[in-house]
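A.B. asks: Take a look at work_28.txt, compact mmCIF, C-alpha atoms:
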# COMPACT_ATOMS: atom_id res chain seq x y z
CA MET A 262 51.56 27.54 -13.95
CA VAL A 263 52.90 26.21 -17.28
CA PRO A 264 56.57 26.84 -16.27
CA ARG A 265 55.89 25.22 -12.88
CA LEU A 266 54.57 22.06 -14.52
CA ILE A 267 57.43 21.98 -17.03
CA ILE A 268 60.11 22.53 -14.37
CA ASP A 269 58.58 19.73 -12.33
CA VAL A 270 58.77 17.28 -15.25
CA VAL A 271 62.34 18.35 -16.09
CA ARG A 272 63.34 17.82 -12.46
CA ARG A 273 61.77 14.39 -12.40
CA ARG A 274 62.90 13.20 -15.84
CA TRP A 275 66.06 15.12 -16.86
CA HIS A 276 68.09 11.92 -16.83
CA ILE A 277 65.83 10.37 -19.50
CA GLY A 278 66.42 13.41 -21.72
CA ALA A 279 70.19 13.12 -21.21
CA PHE A 280 70.09 9.43 -22.02
CA ALA A 281 68.01 10.13 -25.16
CA VAL A 282 70.68 12.61 -26.38
CA PHE A 283 73.36 9.96 -25.84
CA GLN A 284 71.37 7.24 -27.63
CA LEU A 285 70.35 9.37 -30.59
CA HIS A 286 73.82 10.77 -31.21
CA ILE A 287 75.14 7.21 -31.47
CA PHE A 288 72.38 6.53 -33.98
CA TYR A 289 73.37 9.48 -36.21
CA PRO A 290 76.41 7.90 -38.03
CA LEU A 291 74.29 4.90 -38.97
CA VAL A 292 71.69 7.10 -40.65
CA ALA A 293 74.38 9.31 -42.22
CA LYS A 294 75.85 6.24 -43.97
CA PHE A 295 72.66 5.86 -46.03
CA TRP A 296 71.40 9.46 -46.29
CA PRO A 297 74.39 11.77 -45.76
CA SER A 298 72.56 14.96 -46.71
CA SER A 299 69.37 14.43 -44.71
CA ALA A 300 70.59 12.40 -41.74
CA GLY A 301 70.45 15.35 -39.34
CA MET A 302 66.86 16.14 -40.17
CA ALA A 303 65.88 12.47 -40.12
CA VAL A 304 67.33 11.99 -36.63
CA THR A 305 65.64 15.17 -35.39
CA MET A 306 62.23 14.31 -36.81
CA CYS A 307 62.21 10.58 -36.02
CA GLY A 308 63.88 10.97 -32.64
CA GLY A 309 61.61 13.88 -31.82
CA TRP A 310 58.54 11.88 -32.78
CA PHE A 311 59.49 8.92 -30.57
CA LEU A 312 60.37 11.18 -27.65
CA SER A 313 57.14 13.07 -28.22
CA MET A 314 55.08 9.89 -27.96
CA ALA A 315 57.04 8.67 -24.95
CA SER A 316 56.76 11.95 -23.06
CA ALA A 317 53.05 12.54 -23.65
CA ASP A 318 52.15 10.34 -20.68
CA LEU A 319 54.25 12.47 -18.32
CA PHE A 320 51.23 14.71 -17.92
CA SER A 321 48.60 11.99 -17.75
CA LEU A 322 48.93 11.53 -14.00
CA ARG A 323 45.63 11.78 -12.14
CA VAL A 324 47.42 13.83 -9.49
CA LEU A 325 47.80 16.70 -11.95
CA PHE A 326 44.07 16.84 -12.64
CA GLN A 327 43.25 17.56 -9.01
CA LEU A 328 45.55 20.58 -8.90
CA PRO A 329 44.11 24.05 -9.50
CA VAL A 330 45.32 24.12 -13.07
CA SER A 331 43.09 24.71 -16.08
CA ARG A 332 42.90 22.17 -18.87
CA ARG A 333 44.35 24.81 -21.19
CA THR A 334 47.42 25.20 -18.93
CA TRP A 335 47.77 21.46 -18.74
CA TRP A 336 47.53 21.17 -22.53
CA LEU A 337 50.13 23.90 -23.06
CA ALA A 338 52.60 22.34 -20.60
CA ARG A 339 52.13 19.03 -22.32
CA TRP A 340 52.64 20.61 -25.74
CA TRP A 341 55.86 22.34 -24.74
CA MET A 342 57.31 19.18 -23.24
CA SER A 343 56.05 16.70 -25.78
CA VAL A 344 56.76 18.77 -28.86
CA VAL A 345 59.33 21.51 -28.30
CA ALA A 346 61.43 19.81 -25.63
CA ALA A 347 61.32 16.46 -27.46
CA VAL A 348 62.47 18.03 -30.75
CA VAL A 349 65.17 20.13 -29.03
CA ILE A 350 66.57 16.99 -27.37
CA ALA A 351 66.59 15.16 -30.72
CA GLN A 352 68.19 18.16 -32.45
CA LEU A 353 70.88 18.37 -29.80
CA ALA A 354 71.71 14.72 -30.39
CA SER A 355 71.68 15.25 -34.12
CA SER A 356 74.00 18.28 -33.89
CA ILE A 357 76.43 16.38 -31.63
CA GLY A 358 76.38 13.53 -34.15
CA GLN A 359 77.10 15.94 -37.02
CA TRP A 360 79.91 17.61 -35.11
CA ARG A 361 81.53 14.29 -34.21
CA GLU A 362 81.29 13.04 -37.80
CA GLY A 363 82.65 16.32 -39.13
CA SER A 364 79.57 16.84 -41.29
CA PRO A 365 79.60 19.97 -43.52
CA LEU A 366 75.94 20.46 -42.55
CA PHE A 367 76.81 21.10 -38.93
CA GLY A 368 75.72 24.65 -38.11
CA VAL A 369 73.02 26.95 -36.80
CA GLU A 370 71.07 27.35 -40.05
CA TYR A 371 70.64 23.63 -40.64
CA ALA A 372 69.84 23.05 -36.98
CA LEU A 373 67.14 25.74 -37.07
CA LEU A 374 65.60 24.29 -40.22
CA SER A 375 65.56 20.80 -38.65
CA LEU A 376 63.99 22.21 -35.52
CA ILE A 377 61.22 23.92 -37.49
CA PHE A 378 60.42 20.77 -39.45
CA GLY A 379 60.60 18.67 -36.30
CA VAL A 380 58.24 20.94 -34.37
CA LEU A 381 55.76 20.98 -37.27
CA TYR A 382 55.90 17.22 -37.64
CA CYS A 383 55.64 16.39 -33.93
CA GLY A 384 53.28 19.27 -33.19
CA PHE A 385 50.83 18.05 -35.77
CA SER A 386 50.78 14.48 -34.46
CA MET A 387 50.62 15.63 -30.84
CA GLY A 388 47.80 18.01 -31.67
CA ILE A 389 45.77 15.17 -33.10
CA ARG A 390 46.50 12.99 -30.13
CA THR A 391 45.58 15.46 -27.44
CA THR A 392 42.72 17.45 -28.90
CA PRO A 393 39.87 15.41 -27.40
CA LEU A 394 41.34 16.28 -24.03
CA GLY A 395 38.67 14.84 -21.82
CA LYS A 396 38.63 11.55 -23.64
CA SER A 397 42.32 10.76 -24.00
CA GLY A 398 43.87 12.91 -21.33
CA VAL A 399 43.74 10.72 -18.28
CA SER A 400 45.20 7.28 -18.01
CA ARG A 401 42.43 4.82 -17.18
CA ARG A 402 41.99 3.79 -13.61
CA ARG A 403 43.43 0.49 -12.57
CA SER A 404 41.06 -1.75 -10.71
CA ARG A 405 41.43 -1.72 -6.96
CA LEU A 406 40.10 -3.88 -4.17
CA ARG A 407 36.51 -3.37 -5.26
CA MET B 88 20.76 25.09 3.09
CA PRO B 89 23.20 26.01 0.25
CA ALA B 90 24.79 23.09 -1.54
CA ALA B 91 28.49 22.23 -1.58
CA ILE B 92 27.86 20.01 -4.59
CA GLU B 93 24.81 20.20 -6.78
CA ILE B 94 24.47 17.73 -9.63
CA ARG B 95 21.46 17.83 -11.93
CA GLY B 96 20.70 15.43 -14.76
CA LEU B 97 24.30 14.21 -15.04
CA LYS B 98 24.68 11.63 -17.77
CA LYS B 99 27.64 9.78 -19.21
CA SER B 100 27.61 6.72 -21.46
CA PHE B 101 30.40 4.24 -21.98
CA SER B 102 30.16 1.03 -23.94
CA GLY B 103 28.13 -1.25 -21.67
CA PHE B 104 27.46 1.31 -18.92
CA THR B 105 25.38 4.42 -18.60
CA LEU B 106 25.61 6.75 -15.65
CA GLY B 107 22.49 8.70 -14.88
CA PRO B 108 20.75 10.90 -15.42
CA ILE B 109 21.45 11.46 -11.72
CA ASP B 110 20.67 14.27 -9.32
CA MET B 111 22.74 14.66 -6.19
CA THR B 112 23.00 17.34 -3.52
CA VAL B 113 25.72 17.54 -0.88
CA PRO B 114 24.63 20.20 1.63
CA GLU B 115 27.25 22.65 2.87
CA GLY B 116 28.86 21.45 6.09
CA ALA B 117 27.65 17.87 5.59
CA ILE B 118 29.59 14.64 5.62
CA TYR B 119 28.00 12.86 2.70
CA GLY B 120 28.52 9.14 2.12
CA LEU B 121 28.21 7.95 -1.46
CA VAL B 122 27.65 4.21 -1.44
CA GLY B 123 26.96 1.63 -4.09
CA PRO B 124 28.11 -1.74 -5.43
CA ASN B 125 31.20 -2.13 -7.61
CA GLY B 126 30.82 -0.43 -10.97
CA ALA B 127 27.77 1.55 -9.84
CA GLY B 128 29.21 4.86 -11.06
CA LYS B 129 30.57 6.46 -7.88
CA THR B 130 34.09 7.13 -9.13
CA THR B 131 32.79 8.10 -12.56
CA THR B 132 30.64 10.77 -10.89
CA ILE B 133 33.66 12.10 -9.00
CA ASP B 134 35.84 11.98 -12.13
CA LEU B 135 33.26 13.97 -14.08
CA LEU B 136 33.11 16.51 -11.27
CA PHE B 137 36.86 17.07 -11.69
CA GLY B 138 36.51 17.36 -15.45
CA MET B 139 38.21 14.03 -16.11
CA GLY B 140 36.14 12.92 -19.04
CA ALA B 141 33.38 14.82 -20.77
CA LYS B 142 29.83 14.47 -19.51
CA ASP B 143 27.10 13.80 -22.07
CA ALA B 144 24.53 15.97 -20.30
CA GLY B 145 23.77 17.67 -17.02
CA GLN B 146 25.05 20.36 -14.71
CA ILE B 147 27.60 20.18 -11.93
CA ARG B 148 28.04 23.06 -9.53
CA VAL B 149 30.62 22.90 -6.76
CA LEU B 150 30.52 25.55 -4.02
CA GLY B 151 28.35 27.60 -6.36
CA LEU B 152 30.87 27.36 -9.23
CA ASP B 153 30.47 25.65 -12.57
CA HIS B 154 32.88 22.71 -12.52
CA LEU B 155 34.23 23.41 -16.03
CA ARG B 156 33.86 27.15 -16.58
CA ASP B 157 35.29 27.97 -13.13
CA GLU B 158 37.49 24.89 -12.84
CA VAL B 159 40.57 26.61 -11.38
CA ALA B 160 38.56 28.54 -8.77
CA MET B 161 36.71 25.32 -7.92
CA LYS B 162 39.86 23.21 -7.58
CA LYS B 163 41.39 25.84 -5.31
CA GLN B 164 38.68 24.91 -2.80
CA VAL B 165 38.34 21.17 -3.31
CA GLY B 166 40.72 18.59 -1.87
CA TYR B 167 40.79 15.08 -3.28
CA VAL B 168 41.93 11.84 -1.65
CA SER B 169 42.09 8.55 -3.51
CA PRO B 170 44.22 5.43 -3.67
CA ASP B 171 44.42 6.09 -7.43
CA LEU B 172 46.64 9.12 -6.91
CA THR B 173 50.18 8.00 -7.70
CA TYR B 174 52.89 10.14 -6.17
CA SER B 175 55.76 7.75 -6.87
CA PRO B 176 57.10 9.78 -9.87
CA TRP B 177 58.20 12.43 -7.35
CA GLY B 178 60.36 9.97 -5.45
CA LYS B 179 60.32 11.13 -1.85
CA VAL B 180 57.44 12.36 0.29
CA GLY B 181 59.19 15.72 0.85
CA ARG B 182 59.40 16.33 -2.90
CA VAL B 183 55.71 15.57 -3.39
CA ILE B 184 54.87 18.05 -0.64
CA GLN B 185 57.11 20.72 -2.21
CA PHE B 186 55.45 20.22 -5.57
CA VAL B 187 51.82 20.24 -4.39
CA LYS B 188 52.42 23.09 -1.94
CA GLY B 189 53.37 25.43 -4.80
CA PHE B 190 49.83 25.35 -6.16
CA TYR B 191 48.05 26.43 -2.98
CA PRO B 192 48.64 29.89 -1.45
CA THR B 193 46.72 28.78 1.66
CA TRP B 194 49.13 25.91 2.39
CA ASP B 195 49.78 25.63 6.13
CA ASP B 196 53.29 24.27 6.82
CA ALA B 197 52.75 23.87 10.57
CA TYR B 198 49.52 21.94 10.01
CA CYS B 199 51.22 19.78 7.37
CA ASP B 200 54.04 18.94 9.82
CA ARG B 201 51.51 18.08 12.52
CA LEU B 202 49.64 15.78 10.11
CA LEU B 203 52.88 14.11 9.02
CA ARG B 204 53.73 13.39 12.65
CA SER B 205 50.29 12.21 13.72
CA LEU B 206 49.86 9.99 10.68
CA HIS B 207 53.44 8.67 10.93
CA VAL B 208 54.60 9.63 7.44
CA GLY B 209 58.22 10.82 7.09
CA THR B 210 59.30 13.41 4.51
CA GLY B 211 62.45 11.43 3.76
CA GLU B 212 60.57 8.25 2.91
CA ARG B 213 60.31 7.07 -0.67
CA VAL B 214 56.71 7.00 -1.89
CA MET B 215 57.32 3.61 -3.54
CA SER B 216 58.31 2.09 -0.22
CA LEU B 217 55.23 3.37 1.62
CA SER B 218 52.56 0.86 2.55
CA PHE B 219 49.15 1.12 0.92
CA GLY B 220 47.71 2.74 4.04
CA ALA B 221 50.58 5.22 4.26
CA ARG B 222 49.99 6.28 0.64
CA ILE B 223 46.36 7.06 1.47
CA LYS B 224 47.58 9.00 4.51
CA LEU B 225 49.96 10.97 2.28
CA SER B 226 47.10 11.74 -0.06
CA LEU B 227 45.04 12.93 2.93
CA ILE B 228 47.90 15.09 4.25
CA LEU B 229 48.29 16.73 0.84
CA ALA B 230 44.57 17.41 0.67
CA LEU B 231 44.15 18.71 4.23
CA SER B 232 47.27 20.87 4.53
CA TRP B 233 45.79 23.76 2.56
CA ARG B 234 42.44 23.54 4.38
CA PRO B 235 40.03 23.03 1.48
CA LYS B 236 36.37 23.98 1.84
CA LEU B 237 35.27 20.70 0.33
CA LEU B 238 37.00 17.37 0.63
CA ILE B 239 36.27 14.50 -1.72
CA LEU B 240 37.46 11.07 -0.67
CA ASP B 241 37.16 8.20 -3.11
CA GLU B 242 37.41 4.88 -1.25
CA PRO B 243 39.83 6.27 1.34
CA THR B 244 39.83 3.19 3.54
CA VAL B 245 39.88 0.39 0.99
CA GLY B 246 42.69 -2.02 1.90
CA VAL B 247 43.59 -0.01 5.01
CA ASP B 248 44.02 -1.68 8.42
CA ALA B 249 41.79 -0.79 11.37
CA ILE B 250 44.39 1.38 13.16
CA SER B 251 45.19 3.41 10.05
CA LYS B 252 41.48 3.74 9.33
CA GLN B 253 40.96 5.12 12.82
CA GLU B 254 43.82 7.60 12.31
CA ILE B 255 42.50 8.69 8.92
CA PHE B 256 38.96 9.27 10.22
CA GLY B 257 40.31 10.94 13.36
CA GLU B 258 42.24 13.53 11.34
CA LEU B 259 39.39 13.92 8.91
CA LEU B 260 36.86 14.61 11.65
CA SER B 261 39.12 17.06 13.45
CA ALA B 262 39.69 18.88 10.13
CA VAL B 263 35.98 19.28 9.48
CA GLY B 264 35.11 19.84 13.12
CA ASP B 265 34.37 23.54 12.66
CA GLY B 266 31.32 22.63 10.56
CA ASP B 267 32.26 24.97 7.69
CA ARG B 268 33.76 22.25 5.56
CA SER B 269 31.90 19.64 3.58
CA VAL B 270 33.03 16.11 2.88
CA LEU B 271 31.99 13.64 0.20
CA ILE B 272 33.14 10.09 0.90
CA SER B 273 32.66 7.30 -1.56
CA SER B 274 33.28 4.18 0.48
CA HIS B 275 32.53 0.54 1.11
CA GLY B 276 33.28 0.99 4.80
CA LEU B 277 29.61 1.09 5.67
CA THR B 278 30.06 0.96 9.42
CA ASP B 279 32.37 3.97 9.21
CA LEU B 280 29.89 5.85 7.08
CA GLU B 281 27.05 5.02 9.44
CA ARG B 282 29.05 6.55 12.27
CA PHE B 283 30.32 9.64 10.50
CA ALA B 284 28.13 10.48 7.51
CA ASP B 285 25.11 12.65 8.23
CA HIS B 286 23.89 12.36 4.63
CA LEU B 287 23.83 9.41 2.29
CA GLY B 288 23.33 8.70 -1.38
CA MET B 289 23.20 5.27 -2.92
CA ILE B 290 24.04 4.67 -6.56
CA LYS B 291 23.25 1.43 -8.32
CA ASP B 292 23.66 0.69 -12.04
CA GLY B 293 24.34 4.36 -12.67
CA GLN B 294 21.14 5.54 -10.96
CA MET B 295 20.68 7.31 -7.63
CA ILE B 296 18.47 4.94 -5.63
CA PHE B 297 18.01 7.16 -2.60
CA GLU B 298 19.48 10.26 -1.06
CA GLY B 299 18.90 12.09 2.20
CA SER B 300 19.95 12.35 5.81
CA THR B 301 21.35 9.11 7.25
CA ALA B 302 18.90 9.10 10.15
CA ASP B 303 15.91 9.52 7.81
CA ILE B 304 17.09 6.80 5.47
CA ILE B 305 17.68 4.33 8.29
CA ALA B 306 14.35 5.23 9.92
CA ARG B 307 12.53 4.85 6.62
CA HIS B 308 13.55 1.20 6.17
CA ARG B 309 12.71 -1.93 8.20
CA MET B 310 13.73 -5.55 7.97
CA VAL B 311 10.49 -7.50 8.28
CA ASP B 312 9.86 -11.24 8.76
CA PHE B 313 6.40 -12.67 8.11
CA VAL B 314 4.43 -15.59 6.77
CA THR B 315 2.22 -15.34 3.69
CA ASP B 316 1.18 -17.25 0.61
CA GLN B 317 0.51 -14.06 -1.43
CA ALA B 318 3.80 -14.17 -3.32
CA ASP B 319 2.60 -12.04 -6.25
CA ARG B 320 1.41 -9.19 -4.08
CA ILE B 321 4.74 -9.07 -2.24
CA THR B 322 7.23 -9.41 -5.07
CA HIS B 323 5.63 -6.89 -7.40
CA ARG B 324 5.26 -4.09 -4.86
CA PRO B 325 7.70 -1.17 -5.26
CA GLY B 326 9.70 -0.58 -2.08
CA VAL B 327 9.83 -4.28 -1.16
CA PHE B 328 13.26 -5.92 -1.38
CA VAL B 329 13.02 -9.67 -0.83
CA GLN B 330 15.94 -11.00 1.17
CA ARG B 331 14.97 -14.59 1.86
CA ARG B 332 12.02 -16.86 1.19
CA ASP B 333 11.54 -20.36 2.62
CA ALA B 334 8.15 -21.71 1.45
CA HIS B 335 5.70 -19.28 3.09
CA ARG B 336 8.21 -17.57 5.40
CA TRP B 337 9.62 -14.32 4.06
CA ARG B 338 12.26 -11.80 5.04
CA VAL B 339 12.03 -8.50 3.21
CA LEU B 340 13.43 -5.01 3.47
CA LEU B 341 10.58 -2.52 3.41
CA ASP B 342 10.88 1.07 2.26
CA LEU B 343 8.13 2.41 4.53
CA GLU B 344 7.46 5.37 2.25
CA ARG B 345 6.50 3.08 -0.58
CA ALA B 346 5.28 -0.04 1.21
CA SER B 347 4.03 0.40 4.78
CA LEU B 348 3.50 -2.20 7.49
CA ASP B 349 -0.26 -1.53 7.23
CA TRP B 350 -0.12 -2.43 3.58
CA LEU B 351 1.72 -5.64 4.50
CA ARG B 352 -0.91 -6.54 7.09
CA GLY B 353 -3.57 -5.83 4.44
CA THR B 354 -2.08 -8.50 2.19
CA GLY B 355 -2.90 -11.09 4.82
CA ALA B 356 0.67 -11.51 6.09
CA ALA B 357 0.87 -13.06 9.55
CA ASN B 358 3.48 -13.32 12.35
CA ILE B 359 5.00 -9.98 11.34
CA THR B 360 8.14 -9.01 13.22
CA GLU B 361 10.15 -5.92 12.34
CA THR B 362 13.74 -4.99 13.15
CA PRO B 363 15.63 -1.76 12.50
CA VAL B 364 18.16 -1.88 9.68
CA THR B 365 21.83 -1.06 9.58
CA LEU B 366 23.41 0.66 6.62
CA GLU B 367 24.97 -2.64 5.67
CA ASP B 368 21.51 -4.34 5.62
CA LEU B 369 20.30 -1.60 3.31
CA PHE B 370 23.33 -1.78 1.07
CA VAL B 371 23.14 -5.56 0.71
CA ALA B 372 19.36 -5.64 0.29
CA ILE B 373 19.15 -2.97 -2.37
CA GLY B 374 22.39 -4.00 -4.04
CA ARG B 375 21.15 -7.57 -4.39
CA GLU B 376 17.80 -6.60 -5.89
In C-alpha cells, how does this file's structure come out?

C.D. replies:
Amino acid sequence: MVPRLIIDVVRRRWHIGAFAVFQLHIFYPLVAKFWPSSAGMAVTMCGGWFLSMASADLFSLRVLFQLPVSRRTWWLARWWMSVVAAVVIAQLASSIGQWREGSPLFGVEYALLSLIFGVLYCGFSMGIRTTPLGKSGVSRRRSRLR
Amino acid sequence: MPAAIEIRGLKKSFSGFTLGPIDMTVPEGAIYGLVGPNGAGKTTTIDLLFGMGAKDAGQIRVLGLDHLRDEVAMKKQVGYVSPDLTYSPWGKVGRVIQFVKGFYPTWDDAYCDRLLRSLHVGTGERVMSLSFGARIKLSLILALSWRPKLLILDEPTVGVDAISKQEIFGELLSAVGDGDRSVLISSHGLTDLERFADHLGMIKDGQMIFEGSTADIIARHRMVDFVTDQADRITHRPGVFVQRRDAHRWRVLLDLERASLDWLRGTGAANITETPVTLEDLFVAIGRE
C-alpha cells in the first residue's frame, strides 16, 4: 500500500517537484557566491527542509483516512515523500546547479554525502512533526452549513 | 442482536468541549440516525471511530473488530460518506474512482457505472466543477461501489436540494435493501431520518440523551398542553421539557418513562391535552433545554 500511496501523490503532484528542481537550481549560484564549498549541501538541506514541510500536508487528506490503510502505512508513505523524495528533489537541483556552474564538487560522492545529511536533517524534523499521529495527522474540519 | 457498532464509555476532551463518556449501539442491519444540535459531538464520535484523533477513554468495536487494533480489517468493511471528503486533488471523477478502486478487492465496476448513471455524475467531469450535491453523490458512489457491510454517512444531505436528496436516499435504501448492511447517518434532515431510520440516538453537549428504536422513542414522548399554577413541581421534574409558558398555560414535552400523564394530573394540572410528537418536536424540545 505504501507504493500505491506514493505513486498516487507523484501522479498528482509531479509538476510541483519539477518546478521545485527548476527553482532551486536557479538559487544555487547565489548561494555558491557566498559559500562556494558548502553551497551544494546548503541547497540540499534547506531546499529539502522547505519541500518537506510543504509536502507533509499531501497526506493529510481526510479521504486517505477512510481507506483500508493502517496508520503505520500512512506514516511510512508520508515519510518517504516528505523526507526522501523532498531531499532527492533538492539534491537533483543542487547537482544541476553544480554542473552548470562547473563546480569541482560536482560528483556522486558529494551528492551522496549531501543526501545523507539532508535525509537526517529533514527526517528528524519530520519525525518530530508527525509522531503524535492522531493529534496532528488530520487537517481540521472546516465548518459546514451547521 | 449483534452490534454493527458498539461504543462503551467513549471519552474525548478538547479545550472547551468534552465528549462523553458515551455508550452507543448500532444493531446489525439497522439504519441508525444520530441526531443532535451543532457541536454536540456527532462528527467527533465518527472521527474517533475512524481513528482520526486519539480517544481519552473507552472502547469502540465495529463489526466485532477493535477500531484501532484491527483498523485495516474494519475499514475494508466500512464505507464513509461526508461533505468533508475532498476529492479535488485527483482532478477528474474518473481518476478518483481509479484511485479508490485500487484499495477494495470487492469493487464492483458494473454497480459503480450504474450508480454514476443514476446519480448523474460523469467520469470526465472535474471534481472542482461539481455542485455541492454532486460531490456528496460522488462520495456515496465511492462508498457503495464496493458494497461495504456498514455505511457511515456524516451529514449526507446538508446543503443538498430535494431532488438530489431523494436520489441519494433512493440509492442508499436500495443498497441496504437486503437487510444485511447497517447504516449510521448523522443528519439534521429529521424528516428523512423519521422516514428511514429504525433506530435513533440523540447527542447533546457530548452526552447521549436517548437511544433506541425510532418507534419506541416517538411513542415514549408526548407534547402536552395544560393549565397549572404549580410551576416548581413542573420545572424541576426530570423528563419534563418546557416548551412554552404563558402565565398559567403550559406546553411541555413529556418523557412518559420519567414523567407520566398520571403524575401530571396528580400535580393538579387541568385542561390536559396531549398530541403525538414528531422527531423534529423532540429534537427542538430537548435541544432547547

A.B. asks: Write out as a PyMOL selection string which residues come within 10 Å of B:Gly264 when counting all atoms listed in the file, dropping same-chain ones fewer than 5 positions away.

C.D. replies: chain B and resi 116+258-259

A.B. asks: Export, as a short mmCIF file (atom, residue, chain, number, x, y, z; two decimals), keeping the file's coordinate frame, the selected residues with C-alpha atoms.

C.D. replies:
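Writing done, so here's part_22.cif:
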data_model
loop_
_atom_site.label_atom_id
_atom_site.label_comp_id
_atom_site.auth_asym_id
_atom_site.auth_seq_id
_atom_site.Cartn_x
_atom_site.Cartn_y
_atom_site.Cartn_z
CA GLY B 116 28.86 21.45 6.09
CA GLU B 258 42.24 13.53 11.34
CA LEU B 259 39.39 13.92 8.91
#

A.B. asks: To one decimal place in Å, what is the distance between atom CA of B:Leu121 and atom CA of B:Thr173?

C.D. replies: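 One can read the atom CA of B:Leu121 to atom CA of B:Thr173 distance as 22.8 Å.
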
A.B. asks: Skip stretch 341-344 of chain B itself and residues of its chain fewer than 2 positions away, then list as a short mmCIF file (atom, residue, chain, number, x, y, z; two decimals) with C-alpha atoms, in the coordinates of the input all residues within 10 Å of it, counting only C-alpha atoms.

C.D. replies:
data_model
loop_
_atom_site.label_atom_id
_atom_site.label_comp_id
_atom_site.auth_asym_id
_atom_site.auth_seq_id
_atom_site.Cartn_x
_atom_site.Cartn_y
_atom_site.Cartn_z
CA ILE B 304 17.09 6.80 5.47
CA ILE B 305 17.68 4.33 8.29
CA ALA B 306 14.35 5.23 9.92
CA ARG B 307 12.53 4.85 6.62
CA HIS B 308 13.55 1.20 6.17
CA ARG B 309 12.71 -1.93 8.20
CA MET B 310 13.73 -5.55 7.97
CA VAL B 311 10.49 -7.50 8.28
CA ARG B 324 5.26 -4.09 -4.86
CA PRO B 325 7.70 -1.17 -5.26
CA GLY B 326 9.70 -0.58 -2.08
CA VAL B 327 9.83 -4.28 -1.16
CA PHE B 328 13.26 -5.92 -1.38
CA VAL B 329 13.02 -9.67 -0.83
CA ARG B 338 12.26 -11.80 5.04
CA VAL B 339 12.03 -8.50 3.21
CA ALA B 346 5.28 -0.04 1.21
CA SER B 347 4.03 0.40 4.78
CA LEU B 348 3.50 -2.20 7.49
CA ASP B 349 -0.26 -1.53 7.23
CA TRP B 350 -0.12 -2.43 3.58
CA LEU B 351 1.72 -5.64 4.50
CA GLU B 361 10.15 -5.92 12.34
CA VAL B 364 18.16 -1.88 9.68
CA LEU B 369 20.30 -1.60 3.31
CA ALA B 372 19.36 -5.64 0.29
#

A.B. asks: Can you work out which residues from chain B touch chain A at a cut-off of 6 Å (counting only C-alpha atoms) and hand them back as a list of chain:residue names?

C.D. replies: B:Asn125, B:Met139, B:Gly140, B:Ala141, B:Val159, B:Lys162, B:Lys163, B:Leu172

A.B. asks: Can you work out which one of B:Glu281, B:Asp110, B:Glu242, B:Asp196 has the shortest atom-to-atom distance to B:Leu97, counting all atoms listed in the file?

C.D. replies: B:Asp110

A.B. asks: Quick one: of A:Phe283, A:Ala347, A:Cys383, A:Ala317, who's nearest to A:Trp335, counting all atoms listed in the file?

C.D. replies: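 Answer, going by the shortest atom-to-atom distance: A:Ala317.
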
A.B. asks: For the atom pair atom CA of B:Ile133 and atom CA of B:Ala221, what is the interatomic distance in Å to one decimal place?

C.D. replies: 22.6 Å

A.B. asks: What lies within 12 Å of B:Gln185 using only C-alpha atoms, ignoring chain neighbours under 2 positions off, as a ChimeraX atom specification?

C.D. replies: /A:265,269 /B:177-183,187-191,194,196,199,210,229,232

A.B. asks: Can you tell me how far atom CA of B:Glu93 sits from atom CA of B:Phe297, in Å to one decimal?

C.D. replies: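 Computing the Euclidean distance for atom CA of B:Glu93 and atom CA of B:Phe297 yields 15.3 Å.
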
A.B. asks: For B:Gly288, which residue among B:Ala356, B:Ile321, B:Ile223, B:Ile272 is the nearest when counting only C-alpha atoms?

C.D. replies: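 Checking each candidate against B:Gly288, we get B:Ile272 as the closest.
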
A.B. asks: Nearest to B:Phe283: which of B:Val371, B:Leu271, B:Ile359, B:Leu150 is it, counting only C-alpha atoms?

C.D. replies: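 Looking at the shortest contact to B:Phe283, the residue is B:Leu271.
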
A.B. asks: Using all atoms listed in the file, collect all residues at a distance of at most 7 Å from (24.4, 19.5, -2.5) as written in the file, then present them as a ChimeraX atom specification.

C.D. replies: /B:90-93,111-115
